[in-house]
Amino acid sequence: MLSFLRTPRALCLITTAFFISLGCNYTFYSKLLEVYPWSPQNIGFLSSIALFFTLTSIFFINLLAIGKSLRWVLMALLMCSALTAHFMDTFGVVIDVDMLNNVLQTNPNELGDLMSFKLLVRVVFLGVLPCWWVYRMAPVVATTRQSWKEQTQLGLASLALMLLCVAPFSAQYASFVREHKTLRFYANPTYYLYSVGKLAGQQLPSQETLAAPKPIANDAVLREPAHDRKELIVLVVGETARADRFSLNGYARLTNPELQKESVVSFRQVSSCGTATAVSLPCMFSSLGRESYSSAKNNAAENVLDVLAREGVEILWRDNNSDSKGVAKRLRYEDFKTPEKNTVCDVECRDEGMLVGLREFIKQKDGKDVLIVLHQMGNHGPAYYKRYPPAFERFKPVCSTNELSQCSSAEINNAYDNAILYTDYFLAKVIALLKEFDETHEAAMLYVSDHGESLGEYGMFLHGAPYTVAPREQTHVPVIAWVGKHFPSSHEQLKRWEQAVLSHDDLFCSLILGFEVETKMCDEKLALWTRPAQVH
């Protein structure tokens with residue numbers, strides 16, 4: 001009756017699914033045991049869970065392995081599952097839609113920082129060798145009709161067995177689904193397969209995304225001041241900086257020695273729009289806000305830079321990171337990641353190289369409002385030791401490898417804090433540049449990090465956790481402002497609201513009002529410069 005389970009196709013597929021389930025799910029089973037400790041009363045349910053997710057893998061793999069594609073589908077899944085296992089087990093990350101977006105937008109330099117001997121060993125033993133076995137053992141399907149028959153039988157059988165797994169433990173499964181939803185994020189390969197499908201659906205072009213971006217703030221009007229001074233704002237977009245590592249915010253280490261000499265305001269209660277650059281960066285420039293944000297909606301509409309450019313503001317985006325994630329695609333964009341453009345490079349090109357030539361650029365735009373966006377490399381991990389010149393290695397010893405598992409917590413934190421020191425130096429240089437124009441312009445600097453970073457708290461490293469389960473370390477970001485003596489909002493006014501509860505959602509209207517543009521979109525919105533938020 002169940003002879004189809006003994007066919008070469010079924011045996012090869014089932015064996016692969018069990019191998020992935022047992023060999024590539026250390027994080028999943030570890031987190032499962034934290035919730036349901038190994039004990040006589042839990043053995044049955046834990047075994048059921050393990051079998052259920054294995055059967056789920058069989059069901060999905062069976063759907064994908066159509067006809068003669070079995071061998072190649074299994075080999076692809078083995079390689080992807082091996083990579084997923086490495087990054088989940090090593091860094092505690094989740095391979096969801098946002099993380100897949102990050103992967104697709106990772107540049108070669110960032111990819112190099114993630115390569116390691118441990119990754120190579122993992123891929124060889126969990127990916128390459130099993131792929132060799134599959135290549136030898138996977139059958140060549142005789143006919144399409146026979147393939148469809150076997151596929152249908154195995155699919156129905158796996159569904160029936162999944163129901164049998166759940167039936168004896170229905171009460172425990174109800175609690176599992178209701179109370180511990182996040183555990184499924186770590187199931188390999190089922191969750192990343194689900195995420196791939198979801199991402200593919202999001203990437204399908206719609207009528208809205210194919211059309212030109214929809215104009216927003218059509219009522220925007222640039223208010224003409226009663227003086228000749230023009231606005232000059234430098235917006236520094238930080239990378240992977242967390243608020244609790246800034247001494248301006250109370251961190252015990254002196255990580256902001258230069259900024260503490262300046263009259264800056266550090267807003268201490270700011271949350272990010274996402275936990276990864278691919279989401280946070282476009283979201284903070286969007287009018288949608290975190291709750292309503294999606295990639296499709298964002299691509300279908302203008303952002304705040306488009307509105308300002310339409311009102312005559314001269315905008316320049318300089319990037320020492322991956323790119324602008326589409327924010328500056330309709331504006332002047334300069335890539336500072338290579339020595340061809342960036343004149344300050346050693347082991348990598350430095351953020352301060354983005355300042356070269358800015359003085360001349362500002363002078364050329366005399367009589368125009370100017371917004372300059374500087375997108376930092378900042379604290380991008382895991383190779384924190386690369387993110388600063390040797391002169392900034394003040395906290396020692398440091399983790400001088402991208403394999404964080406080889407370093408102590410102190411070494412990782414030292415390297416990370418040194419990178420914050422370099423950002424402090426960079427921001428002080430930005431302020432020094434703006435001071436040269438303090439008499440002739442209404443000058444200001446605003447620093448906003450895109451997201452934070454986990455440094456081992458709760459067993460998590462890096463960033464990109466689903467927002468619903470992301471720790472505060474990944475969502476609590478630093479925001480620092482400096483204003484010149486002619487800027488409409490004074491230092492004293494800003495200082496009163498440094499404990500205001502703010503978020504990336506407030507950047508849109510902060511820029512709009514910072515350039516003295518009036519629009520109904522910002523009538524009821526919060527803004528860093530002018531309208532205080534609720535203070536807790």
# chains A, B, ... in the order shown; residues from 1 in each chain; ligands from 1
>>> select_by_dssp(residues="region 33-251 of chain A", states="helix (DSSP H, G or I)", output="PyMOL selection string")
chain A and resi 33-35+40-64+67-91+97-104+108-114+117-137+144-179+181-186+190-203+207-210+243-245+247-249
>>> residues_around(residues="Met445 (chain A)", least_positions_apart="4", cutoff="7 Å", atoms="only C-alpha atoms", output="VMD selection string")
chain A and resid 233 to 235 431 481 to 483
>>> write_last_selection(atoms="N, CA and C atoms", output="short mmCIF file (atom, residue, chain, number, x, y, z; two decimals), in the first residue's frame")
data_model
loop_
_atom_site.label_atom_id
_atom_site.label_comp_id
_atom_site.auth_asym_id
_atom_site.auth_seq_id
_atom_site.Cartn_x
_atom_site.Cartn_y
_atom_site.Cartn_z
N ILE A 233 22.02 71.86 5.65
CA ILE A 233 21.90 70.74 6.59
C ILE A 233 22.70 69.56 6.06
N VAL A 234 23.53 69.00 6.93
CA VAL A 234 24.23 67.75 6.62
C VAL A 234 23.57 66.65 7.44
N LEU A 235 23.00 65.68 6.74
CA LEU A 235 22.37 64.53 7.38
C LEU A 235 23.33 63.35 7.28
N ILE A 431 30.83 68.89 11.92
CA ILE A 431 30.46 70.12 12.63
C ILE A 431 31.48 71.22 12.35
N ALA A 481 22.02 66.00 17.17
CA ALA A 481 21.83 67.22 16.39
C ALA A 481 22.79 68.30 16.85
N TRP A 482 23.29 69.06 15.90
CA TRP A 482 24.04 70.28 16.16
C TRP A 482 23.42 71.38 15.30
N VAL A 483 23.19 72.54 15.88
CA VAL A 483 22.61 73.65 15.12
C VAL A 483 23.49 74.89 15.27
#
>>> closest_residue(among="A:Leu433, A:Leu371, A:Ile58, A:Ala50", to="Leu11 (chain A)", atoms="only C-alpha atoms")
A:Ile58
>>> residues_around(residues="Asp335 (chain A)", least_positions_apart="4", cutoff="7 Å", atoms="only C-alpha atoms", output="ChimeraX atom specification")
/A:318-320,341
>>> closest_residue(among="A:Ile480, A:Leu513, A:Val370, A:Leu528", to="Leu222 (chain A)", atoms="only C-alpha atoms")
A:Leu513
>>> residues_around(residues="Ser69 (chain A)", least_positions_apart="6", cutoff="12 Å", atoms="only C-alpha atoms", output="list of chain:residue names")
A:Arg9, A:Leu13, A:Ile61, A:Asn62, A:Leu63, A:Met75, A:Ala76, A:Tyr135, A:Ala138, A:Pro139, A:Val140, A:Val141, A:Thr144, A:Ser147
>>> residues_around(residues="region 288-304 of chain A", least_positions_apart="2", cutoff="8 Å", atoms="only C-alpha atoms", output="PyMOL selection string")
chain A and resi 202-203+208-216+273-274+279+282-286+306-308+327+504-505+508+511-512
>>> residues_around(residues="region 249-257 of chain A", least_positions_apart="2", cutoff="9 Å", atoms="only C-alpha atoms", output="VMD selection string")
chain A and resid 243 to 247 259 to 261 266 to 268 417 to 418 420 to 425 478
>>> residues_around(residues="Leu154 (chain A)", least_positions_apart="3", cutoff="8 Å", atoms="only C-alpha atoms", output="ChimeraX atom specification")
/A:4-5,10,59,62,150-151,157-158
>>> select_by_dssp(residues="region 250-371 of chain A", states="strand (DSSP E or B)", output="list in words")
Val264, Val265, Ser266, Phe267, Gln269, Val270, Ser271, Ala301, Glu314, Ile315, Leu316, Trp317, Arg318, Asp319, Arg332, Tyr333, Glu334, Asp335, Cys345, Cys349, Val370 and Leu371 of chain A
>>> write_last_selection(atoms="C-alpha atoms", output="PDB file, in the first residue's frame")
ATOM      1  CA  VAL A 264      25.162  68.937  20.540  1.00  0.00           C
ATOM      2  CA  VAL A 265      21.870  67.429  21.615  1.00  0.00           C
ATOM      3  CA  SER A 266      21.555  63.668  21.830  1.00  0.00           C
ATOM      4  CA  PHE A 267      17.974  62.429  21.551  1.00  0.00           C
ATOM      5  CA  GLN A 269      14.681  57.652  23.121  1.00  0.00           C
ATOM      6  CA  VAL A 270      14.637  56.961  19.381  1.00  0.00           C
ATOM      7  CA  SER A 271      13.557  53.701  17.762  1.00  0.00           C
ATOM      8  CA  ALA A 301       5.728  56.959  -4.082  1.00  0.00           C
ATOM      9  CA  GLU A 314      20.092  71.218  -3.829  1.00  0.00           C
ATOM     10  CA  ILE A 315      20.651  67.618  -2.694  1.00  0.00           C
ATOM     11  CA  LEU A 316      23.841  65.549  -2.765  1.00  0.00           C
ATOM     12  CA  TRP A 317      24.057  61.939  -1.546  1.00  0.00           C
ATOM     13  CA  ARG A 318      27.519  60.557  -0.812  1.00  0.00           C
ATOM     14  CA  ASP A 319      27.724  56.860   0.041  1.00  0.00           C
ATOM     15  CA  ARG A 332      22.783  63.339  -7.455  1.00  0.00           C
ATOM     16  CA  TYR A 333      24.585  60.288  -6.052  1.00  0.00           C
ATOM     17  CA  GLU A 334      28.310  59.751  -5.478  1.00  0.00           C
ATOM     18  CA  ASP A 335      29.912  56.422  -4.586  1.00  0.00           C
ATOM     19  CA  CYS A 345      41.550  54.726   2.147  1.00  0.00           C
ATOM     20  CA  CYS A 349      37.811  53.526   2.359  1.00  0.00           C
ATOM     21  CA  VAL A 370      21.573  72.608   0.440  1.00  0.00           C
ATOM     22  CA  LEU A 371      21.050  69.153   1.909  1.00  0.00           C
TER      23      LEU A 371
END
>>> atom_distance(atom1="CA of Ser57 (chain A)", atom2="CA of Ala167 (chain A)")
19.0 Å
>>> closest_residue(among="A:Ile49, A:Val128, A:Val344, A:Cys24", to="Phe176 (chain A)", atoms="only C-alpha atoms")
A:Ile49
>>> closest_residue(among="A:Asn188, A:Thr90, A:Lys149, A:His451", to="Leu77 (chain A)", atoms="only C-alpha atoms")
A:Asn188
>>> closest_residue(among="A:Pro108, A:Gly484, A:Gly367, A:Pro225", to="Asn321 (chain A)", atoms="only C-alpha atoms")
A:Pro108
